[in-house]
>>> print(open('data_21.txt').read())   # compact mmCIF, C-alpha atoms and all ligand atoms
# COMPACT_ATOMS: atom_id res chain seq x y z
CA MET A 1253 54.25 10.03 125.58
CA ALA A 1254 56.44 7.77 127.73
CA ALA A 1255 59.22 5.98 125.88
CA VAL A 1256 58.49 2.32 125.20
CA ALA A 1257 60.97 0.03 126.92
CA SER A 1258 62.13 -3.21 125.33
CA ALA A 1259 64.92 -5.76 125.89
CA ALA A 1260 64.64 -5.07 129.64
CA GLY A 1261 65.26 -1.34 129.68
CA ALA A 1262 66.31 -0.28 126.18
CA GLU A 1263 64.48 2.78 124.91
CA VAL A 1264 63.59 1.96 121.34
CA ASP A 1265 60.74 4.45 120.97
CA ARG A 1266 62.90 7.55 120.62
CA PRO A 1267 62.81 10.24 117.94
CA ARG A 1268 65.08 9.26 115.03
CA ILE A 1269 65.71 12.85 113.94
CA LEU A 1270 67.46 15.19 116.35
CA TYR A 1271 68.02 18.94 116.08
CA ALA A 1272 66.63 21.35 113.47
CA ASP A 1273 66.88 20.69 109.72
CA ALA A 1274 68.95 23.89 109.39
CA GLY A 1275 72.16 22.13 110.50
CA PRO A 1276 74.44 21.71 113.52
CA GLU A 1277 74.09 24.26 116.33
CA PRO A 1278 76.84 25.66 118.63
CA PRO A 1279 78.91 24.29 120.34
CA TYR A 1280 78.98 21.83 117.43
CA PRO A 1281 80.83 20.90 115.30
CA LEU A 1282 83.52 19.69 117.71
CA ARG A 1283 86.76 18.21 116.37
CA MET A 1284 88.89 15.33 117.49
CA GLU A 1285 91.64 13.33 115.80
CA GLY A 1286 94.20 10.64 116.42
CA ALA A 1287 95.33 7.17 115.41
CA VAL A 1288 92.94 4.28 116.14
CA ILE A 1289 93.99 2.34 119.26
CA SER A 1290 92.61 -0.87 120.74
CA GLY A 1291 90.02 -0.97 123.51
CA PHE A 1292 88.93 -3.88 125.66
CA GLY A 1293 88.08 -6.18 122.75
CA ARG A 1294 84.37 -6.45 123.63
CA GLY A 1295 82.86 -4.45 120.77
CA SER A 1296 83.05 -7.12 118.08
CA LYS A 1297 83.08 -10.20 120.28
CA GLU A 1298 80.38 -9.42 122.86
CA LEU A 1299 78.21 -6.79 121.20
CA GLY A 1300 78.73 -7.49 117.49
CA ILE A 1301 79.31 -3.73 117.22
CA PRO A 1302 83.01 -2.87 116.73
CA THR A 1303 84.18 0.48 118.05
CA ALA A 1304 87.36 2.24 116.97
CA ASN A 1305 88.94 3.90 120.02
CA LEU A 1306 90.79 7.22 120.01
CA PRO A 1307 92.97 8.38 122.91
CA VAL A 1308 91.09 10.80 125.19
CA ASP A 1309 93.61 13.63 125.02
CA PRO A 1310 92.47 17.05 126.33
CA ALA A 1311 95.63 18.60 124.84
CA ALA A 1312 94.44 17.62 121.35
CA ALA A 1313 90.69 18.16 121.93
CA PRO A 1314 90.18 20.52 124.92
CA TRP A 1315 86.37 20.25 124.73
CA ILE A 1316 86.45 16.59 125.73
CA GLU A 1317 87.42 17.35 129.31
CA THR A 1318 84.11 19.04 130.06
CA ALA A 1319 81.97 17.16 127.54
CA LYS A 1320 79.05 15.32 129.08
CA SER A 1321 79.56 11.56 129.00
CA GLY A 1322 77.17 9.90 126.57
CA VAL A 1323 76.41 9.12 122.96
CA TYR A 1324 77.19 11.55 120.12
CA PHE A 1325 76.85 11.45 116.33
CA GLY A 1326 78.61 12.99 113.36
CA TYR A 1327 81.24 12.07 110.78
CA ALA A 1328 84.47 10.11 110.87
CA SER A 1329 87.15 10.50 108.25
CA LEU A 1330 89.59 7.61 107.87
CA ALA A 1331 92.92 7.46 106.06
CA LEU A 1332 93.02 3.74 105.31
CA PRO A 1333 96.36 2.32 104.18
CA PRO A 1334 96.72 1.46 100.45
CA SER A 1335 96.52 -2.25 101.31
CA HIS A 1336 93.12 -1.95 103.05
CA PRO A 1337 90.27 -3.63 101.11
CA ASP A 1338 87.88 -0.72 101.78
CA ARG A 1339 90.19 1.91 100.39
CA GLN A 1340 88.69 3.21 97.18
CA GLN A 1341 90.63 3.95 94.03
CA GLN A 1342 90.36 7.36 92.41
CA HIS A 1343 88.85 5.99 89.20
CA GLN A 1344 86.14 4.14 91.19
CA HIS A 1345 85.23 7.41 92.85
CA GLN A 1346 85.05 9.33 89.58
CA ARG A 1347 82.84 6.65 88.02
CA GLN A 1348 80.61 6.71 91.08
CA GLN A 1349 80.23 10.49 90.91
CA ARG A 1350 79.17 10.33 87.24
CA SER A 1351 76.65 7.58 88.03
CA HIS A 1352 75.19 9.59 90.92
CA ARG A 1353 74.72 12.64 88.72
CA SER A 1354 72.81 10.74 86.04
CA ASN A 1355 70.86 8.56 88.50
CA PRO A 1356 70.71 9.87 92.06
CA ARG A 1357 69.06 6.65 93.31
CA ALA A 1358 72.17 4.71 92.26
CA ALA A 1359 73.89 6.39 95.17
CA VAL A 1360 71.81 4.55 97.78
CA ASP A 1361 74.17 2.57 100.03
CA ALA A 1362 77.10 3.75 97.94
CA PRO A 1363 80.49 3.54 99.61
CA PRO A 1364 81.97 6.85 100.69
CA ALA A 1365 84.11 8.96 98.45
CA PRO A 1366 87.90 8.97 98.71
CA ILE A 1367 89.34 12.43 99.12
CA PRO A 1368 93.04 12.79 98.24
CA SER A 1369 94.81 14.79 100.89
CA SER A 1370 95.84 18.25 99.71
CA SER A 1371 98.46 18.51 102.43
CA THR A 1372 99.97 15.75 104.51
CA ASP A 1373 102.39 17.65 106.75
CA ASP A 1374 99.96 18.44 109.54
CA ARG A 1375 99.07 14.79 109.97
CA ILE A 1376 102.51 13.23 110.28
CA PRO A 1377 102.37 11.55 113.71
CA LYS A 1378 104.58 13.34 116.24
CA GLU A 1379 106.78 10.29 116.84
CA THR A 1380 107.29 9.87 113.10
CA SER A 1381 108.26 13.49 112.48
CA GLU A 1382 110.63 13.46 115.45
CA ALA A 1383 112.21 10.24 114.27
CA ALA A 1384 112.52 11.67 110.77
CA ALA A 1385 114.21 14.78 112.15
CA ALA A 1386 116.58 12.55 114.08
CA GLY A 1387 117.68 10.65 110.99
CA GLY A 1388 114.47 8.99 109.84
CA GLU A 1389 115.44 5.45 110.77
CA ALA A 1390 112.11 4.72 112.49
CA GLU A 1391 110.13 5.55 109.35
CA THR A 1392 109.86 2.58 107.04
CA GLU A 1393 109.45 2.76 103.28
CA LYS A 1394 105.88 1.45 103.76
CA GLU A 1395 105.03 4.27 106.18
CA LYS A 1396 106.49 6.83 103.79
CA GLU A 1397 104.39 5.47 100.93
CA GLU A 1398 101.24 5.53 103.07
CA GLU A 1399 101.90 9.13 104.08
CA THR A 1400 102.34 10.36 100.51
CA THR A 1401 99.28 8.48 99.28
CA LYS A 1402 97.03 9.46 102.20
CA GLN A 1403 93.41 9.66 101.16
CA TRP A 1404 90.51 10.52 103.46
CA GLN A 1405 87.19 8.68 103.25
CA ILE A 1406 84.23 10.14 105.13
CA TYR A 1407 81.64 7.98 106.90
CA PRO A 1408 78.68 8.73 109.20
CA MET A 1409 79.40 7.62 112.75
CA VAL A 1410 77.94 7.26 116.23
CA MET A 1411 80.21 7.38 119.26
CA SER A 1412 80.33 6.90 123.00
CA ILE A 1413 82.36 9.08 125.37
CA GLY A 1414 82.49 7.93 128.97
CA TYR A 1415 82.98 5.07 131.40
CA ASN A 1416 80.61 2.47 129.90
CA PRO A 1417 78.58 1.97 133.12
CA PHE A 1418 77.46 -1.48 131.92
CA TYR A 1419 81.13 -2.55 132.12
CA LYS A 1420 82.12 -0.14 134.91
CA ASN A 1421 85.31 1.01 133.19
CA ALA A 1422 87.74 2.96 135.37
CA VAL A 1423 89.10 4.97 132.44
CA ARG A 1424 87.13 7.35 130.22
CA SER A 1425 87.10 6.22 126.60
CA ALA A 1426 86.09 7.67 123.23
CA GLU A 1427 84.86 4.95 120.87
CA VAL A 1428 83.44 5.31 117.40
CA HIS A 1429 81.15 2.91 115.58
CA VAL A 1430 81.55 3.79 111.93
CA LEU A 1431 78.34 3.24 109.95
CA HIS A 1432 79.97 1.07 107.30
CA GLY A 1433 80.72 -2.64 107.05
CA PHE A 1434 84.51 -2.96 106.80
CA ALA A 1435 86.19 -6.05 105.36
CA ALA A 1436 89.21 -5.64 107.68
CA ASP A 1437 90.33 -3.85 110.86
CA PHE A 1438 92.06 -0.47 110.66
CA TYR A 1439 94.05 -0.20 113.88
CA GLY A 1440 96.64 2.56 113.66
CA ALA A 1441 94.81 4.43 110.88
CA PRO A 1442 94.54 8.21 111.27
CA MET A 1443 90.93 9.14 112.10
CA ARG A 1444 89.30 12.57 112.30
CA LEU A 1445 85.93 13.21 113.89
CA LEU A 1446 83.43 16.03 113.46
CA VAL A 1447 80.98 15.61 116.31
CA LEU A 1448 77.68 17.24 115.33
CA GLY A 1449 75.30 16.51 118.19
CA PHE A 1450 74.43 14.71 121.41
CA VAL A 1451 72.08 11.72 121.38
CA ARG A 1452 71.66 10.54 124.99
CA GLU A 1453 73.40 9.96 128.29
CA GLU A 1454 75.25 6.68 128.80
CA ARG A 1455 73.37 4.13 130.89
CA ASP A 1456 73.72 0.91 132.80
CA TYR A 1457 71.52 -1.97 131.58
CA ALA A 1458 70.01 -5.14 133.01
CA SER A 1459 71.26 -7.15 130.02
CA LEU A 1460 73.65 -7.08 127.09
CA ASP A 1461 70.63 -7.35 124.75
CA ALA A 1462 69.26 -4.07 126.10
CA LEU A 1463 72.61 -2.30 125.57
CA VAL A 1464 72.83 -3.62 121.99
CA ALA A 1465 69.19 -2.66 121.27
CA ASP A 1466 69.84 0.92 122.41
CA ILE A 1467 73.07 1.18 120.38
CA ASN A 1468 71.16 0.02 117.29
CA VAL A 1469 68.63 2.80 117.87
CA ASP A 1470 71.56 5.27 118.24
CA CYS A 1471 72.82 4.13 114.82
CA ASP A 1472 69.38 4.76 113.35
CA VAL A 1473 69.25 8.21 114.94
CA ALA A 1474 72.66 9.09 113.46
CA ARG A 1475 71.76 7.79 109.98
CA GLN A 1476 68.45 9.64 109.83
CA SER A 1477 69.63 12.86 111.44
CA LEU A 1478 72.66 13.06 109.13
CA ALA A 1479 70.64 12.31 105.99
CA ARG A 1480 69.36 15.91 105.78
CA PRO A 1481 71.16 18.19 103.27
CA ALA A 1482 72.39 20.71 105.87
CA TRP A 1483 73.90 17.80 107.84
CA THR A 1484 75.62 16.16 104.86
CA PRO A 1485 79.10 17.38 103.89
CA ARG A 1486 79.69 18.91 100.50
CA GLU A 1487 82.94 16.91 100.44
CA GLY A 1488 82.49 13.31 99.31
CA THR A 1489 79.33 11.24 99.18
CA ALA A 1490 78.90 10.96 102.92
CA GLY A 1491 75.12 11.10 103.08
CA PRO A 1492 73.29 7.82 103.59
CA ASP A 1493 71.66 8.37 100.19
CA GLY A 1494 75.07 9.04 98.64
CA SER A 1495 74.28 12.63 97.66
CA SER A 1496 76.46 15.52 98.70
CA GLY A 1497 74.97 18.18 100.95
CA THR A 1498 75.62 21.72 102.08
CA PHE A 1499 77.48 21.15 105.36
CA ASP A 1500 81.12 22.34 105.43
CA GLY A 1501 83.15 19.21 106.19
CA ALA A 1502 86.41 20.52 104.69
CA TRP A 1503 88.39 19.91 107.87
CA LEU A 1504 87.68 16.19 107.58
CA VAL A 1505 89.64 15.91 104.35
CA ARG A 1506 92.28 18.64 104.57
C1 LIG B 1601 76.62 4.29 120.12
C2 LIG B 1601 77.14 3.67 121.37
C3 LIG B 1601 76.41 3.79 122.55
C4 LIG B 1601 76.88 3.21 123.73
N1 LIG B 1601 76.16 3.34 124.87
C5 LIG B 1601 76.59 2.76 126.01
C6 LIG B 1601 75.84 2.87 127.23
O1 LIG B 1601 74.79 3.52 127.30
N2 LIG B 1601 76.31 2.24 128.33
C7 LIG B 1601 77.47 1.51 128.31
O2 LIG B 1601 77.84 0.97 129.34
N3 LIG B 1601 78.23 1.41 127.19
C8 LIG B 1601 77.82 2.02 126.04
N4 LIG B 1601 78.55 1.92 124.89
C9 LIG B 1601 79.89 1.34 124.95
C10 LIG B 1601 79.92 -0.13 124.75
O3 LIG B 1601 79.67 -0.75 125.98
C11 LIG B 1601 81.35 -0.41 124.26
O4 LIG B 1601 81.40 -0.03 122.91
C12 LIG B 1601 81.76 -1.81 124.47
O5 LIG B 1601 82.01 -1.97 125.84
C13 LIG B 1601 82.98 -2.19 123.66
O6 LIG B 1601 84.11 -1.59 124.19
P1 LIG B 1601 85.55 -1.92 123.63
O7 LIG B 1601 85.53 -1.59 122.16
O8 LIG B 1601 86.47 -1.03 124.44
O9 LIG B 1601 85.83 -3.34 123.85
C14 LIG B 1601 78.10 2.50 123.71
C15 LIG B 1601 78.83 2.38 122.51
C16 LIG B 1601 78.36 2.95 121.35
C17 LIG B 1601 79.16 2.82 120.09
N1 LIG B 1602 82.28 -0.32 111.53
C1 LIG B 1602 83.35 -0.26 112.34
N2 LIG B 1602 83.44 0.74 113.25
C2 LIG B 1602 84.51 0.81 114.06
N3 LIG B 1602 85.55 -0.05 114.04
C3 LIG B 1602 85.52 -1.07 113.15
C4 LIG B 1602 84.41 -1.21 112.27
N4 LIG B 1602 84.64 -2.30 111.50
C5 LIG B 1602 85.82 -2.81 111.86
N5 LIG B 1602 86.38 -2.07 112.87
C6 LIG B 1602 87.67 -2.39 113.50
O1 LIG B 1602 87.37 -3.03 114.73
C7 LIG B 1602 88.16 -2.44 115.77
C8 LIG B 1602 87.39 -2.46 117.09
O2 LIG B 1602 87.03 -3.77 117.43
P1 LIG B 1602 86.51 -4.08 118.89
O3 LIG B 1602 86.09 -5.51 118.92
O4 LIG B 1602 85.51 -3.05 119.31
O5 LIG B 1602 87.82 -3.99 119.76
P2 LIG B 1602 88.49 -2.79 120.57
O6 LIG B 1602 87.56 -1.61 120.59
O7 LIG B 1602 88.69 -3.34 121.88
O8 LIG B 1602 89.75 -2.47 119.86
C9 LIG B 1602 88.43 -1.03 115.32
O9 LIG B 1602 89.61 -0.49 115.89
C10 LIG B 1602 88.55 -1.18 113.81
O10 LIG B 1602 89.90 -1.50 113.46
>>> encode(input="data_21.txt", output="structure tokens")
Amino acid sequence: MAAVASAAGAEVDRPRILYADAGPEPPYPLRMEGAVISGFGRGSKELGIPTANLPVDPAAAPWIETAKSGVYFGYASLALPPSHPDRQQQHQHQRQQRSHRSNPRAAVDAPPAPIPSSSTDDRIPKETSEAAAAGGEAETEKEKEEETTKQWQIYPMVMSIGYNPFYKNAVRSAEVHVLHGFAADFYGAPMRLLVLGFVREERDYASLDALVADINVDCDVARQSLARPAWTPREGTAGPDGSSGTFDGAWLVR
């Protein structure tokens, strides 16, 4: 059946569940990490869909050099600073876990679980560790506190890798729309990605409405595809229904 076009070219009649129920297939999962940087400022203002950008660095994620440009889905793990309104407290998490066990439906739309970091050394930004080695003057007390209290929260995500043909960017970008409504920005926060599958190629569109309509379908595809147990990490309550699954997402929270 031909895909139904709407909003002048958006393909809204696409399957919402991709890949087999058994879980991600090679070459996935693919990993990527870095600190959130700013993009061109269009995500929130023009599209109403904010995207957290990561540097496209083949030294850190060699697969990205040959990865097809397009839309991908998977999980993002964020280490929000202690002052961020979306950072959960440990006791909130424990209460939530108890509630989910006694009433699994209570987990619907539940916020993600905070995962205290078991080791922080491997995530000290290079500049920070170099500065520390050189006398530590560049590292503020606030940064030190954030490092020792680092806590990873896992969220489903959909992302775009490429040149955004609608905007004709000259530079390749990697931008993540996290499937969660945040009360504040999180520029600079450490973010880890486990990319679990490819959704579609990036496209040019006749209108902004068509681009937004297709991105909304991508979000739906990610939510529904990730809701299956073998696609939901055991770590945290990342699944859209709040339940933990069987997928090994340990790297996201290490
Ligand atoms: C799931 C998703 C799918 C996207 N698909 C396309 C696309 O097909 N074509 C395109 O030009 N841009 C696409 N984009 C990129 C948006 O155009 C981009 O997020 C927007 O330009 C905001 O960029 P900025 O955050 O750098 O300002 C997509 C973004 C996301 C999150
Ligand atoms: N759900 C979300 N997904 C991604 N980023 C979000 C989300 N909610 C808030 N943000 C914040 O919005 C920023 C992106 O905003 P955006 O308008 O796309 O600007 P730019 O991508 O140019 O930095 C992210 O870096 C992050 O701090």
>>> residues_near_ligand(input="data_21.txt", ligand="ligand LIG 1602 (chain B)", cutoff="9 Å", atoms="only C-alpha atoms and all ligand atoms", output="PyMOL selection string")
chain A and resi 1288-1306+1409+1427-1441
>>> residues_around(input="data_21.txt", residues="Arg1455 (chain A)", least_positions_apart="5", cutoff="12 Å", atoms="only C-alpha atoms", output="VMD selection string")
chain A and resid 1261 to 1263 1321 to 1323 1412 to 1420 1460 1462 to 1464 1466 to 1467
>>> atom_distance(input="data_21.txt", atom1="CA of Pro1279 (chain A)", atom2="CA of Tyr1324 (chain A)")
12.9 Å
>>> atom_distance(input="data_21.txt", atom1="atom O7 of ligand LIG 1601 (chain B)", atom2="CA of Pro1267 (chain A)")
26.0 Å
>>> closest_atom_pairs(input="data_21.txt", of="region 1390-1461 of chain A", to="region 1325-1335 of chain A", cutoff="7 Å", atoms="all atoms listed in the file", output="JSON lines")
{"residue": "A:Glu1398", "atom": "CA", "partner": "A:Pro1333", "partner_atom": "CA", "distance": 5.9}
{"residue": "A:Lys1402", "atom": "CA", "partner": "A:Ala1331", "partner_atom": "CA", "distance": 6.0}
{"residue": "A:Gln1403", "atom": "CA", "partner": "A:Ala1331", "partner_atom": "CA", "distance": 5.4}
{"residue": "A:Trp1404", "atom": "CA", "partner": "A:Ala1331", "partner_atom": "CA", "distance": 4.7}
{"residue": "A:Gln1405", "atom": "CA", "partner": "A:Leu1330", "partner_atom": "CA", "distance": 5.3}
{"residue": "A:Ile1406", "atom": "CA", "partner": "A:Ser1329", "partner_atom": "CA", "distance": 4.3}
{"residue": "A:Tyr1407", "atom": "CA", "partner": "A:Ala1328", "partner_atom": "CA", "distance": 5.3}
{"residue": "A:Pro1408", "atom": "CA", "partner": "A:Tyr1327", "partner_atom": "CA", "distance": 4.5}
{"residue": "A:Met1409", "atom": "CA", "partner": "A:Tyr1327", "partner_atom": "CA", "distance": 5.2}
{"residue": "A:Val1410", "atom": "CA", "partner": "A:Phe1325", "partner_atom": "CA", "distance": 4.3}
{"residue": "A:Met1411", "atom": "CA", "partner": "A:Phe1325", "partner_atom": "CA", "distance": 6.0}
{"residue": "A:Phe1438", "atom": "CA", "partner": "A:Leu1332", "partner_atom": "CA", "distance": 6.9}
{"residue": "A:Ala1441", "atom": "CA", "partner": "A:Leu1332", "partner_atom": "CA", "distance": 5.9}
{"residue": "A:Pro1442", "atom": "CA", "partner": "A:Ala1331", "partner_atom": "CA", "distance": 5.5}
{"residue": "A:Met1443", "atom": "CA", "partner": "A:Leu1330", "partner_atom": "CA", "distance": 4.7}
{"residue": "A:Arg1444", "atom": "CA", "partner": "A:Ser1329", "partner_atom": "CA", "distance": 5.0}
{"residue": "A:Leu1445", "atom": "CA", "partner": "A:Ala1328", "partner_atom": "CA", "distance": 4.6}
{"residue": "A:Leu1446", "atom": "CA", "partner": "A:Tyr1327", "partner_atom": "CA", "distance": 5.3}
{"residue": "A:Val1447", "atom": "CA", "partner": "A:Gly1326", "partner_atom": "CA", "distance": 4.6}
{"residue": "A:Leu1448", "atom": "CA", "partner": "A:Gly1326", "partner_atom": "CA", "distance": 4.8}
{"residue": "A:Gly1449", "atom": "CA", "partner": "A:Phe1325", "partner_atom": "CA", "distance": 5.6}
{"residue": "A:Phe1450", "atom": "CA", "partner": "A:Phe1325", "partner_atom": "CA", "distance": 6.5}
{"residue": "A:Val1451", "atom": "CA", "partner": "A:Phe1325", "partner_atom": "CA", "distance": 7.0}
>>> atom_distance(input="data_21.txt", atom1="CA of Thr1401 (chain A)", atom2="CA of Gly1488 (chain A)")
17.5 Å
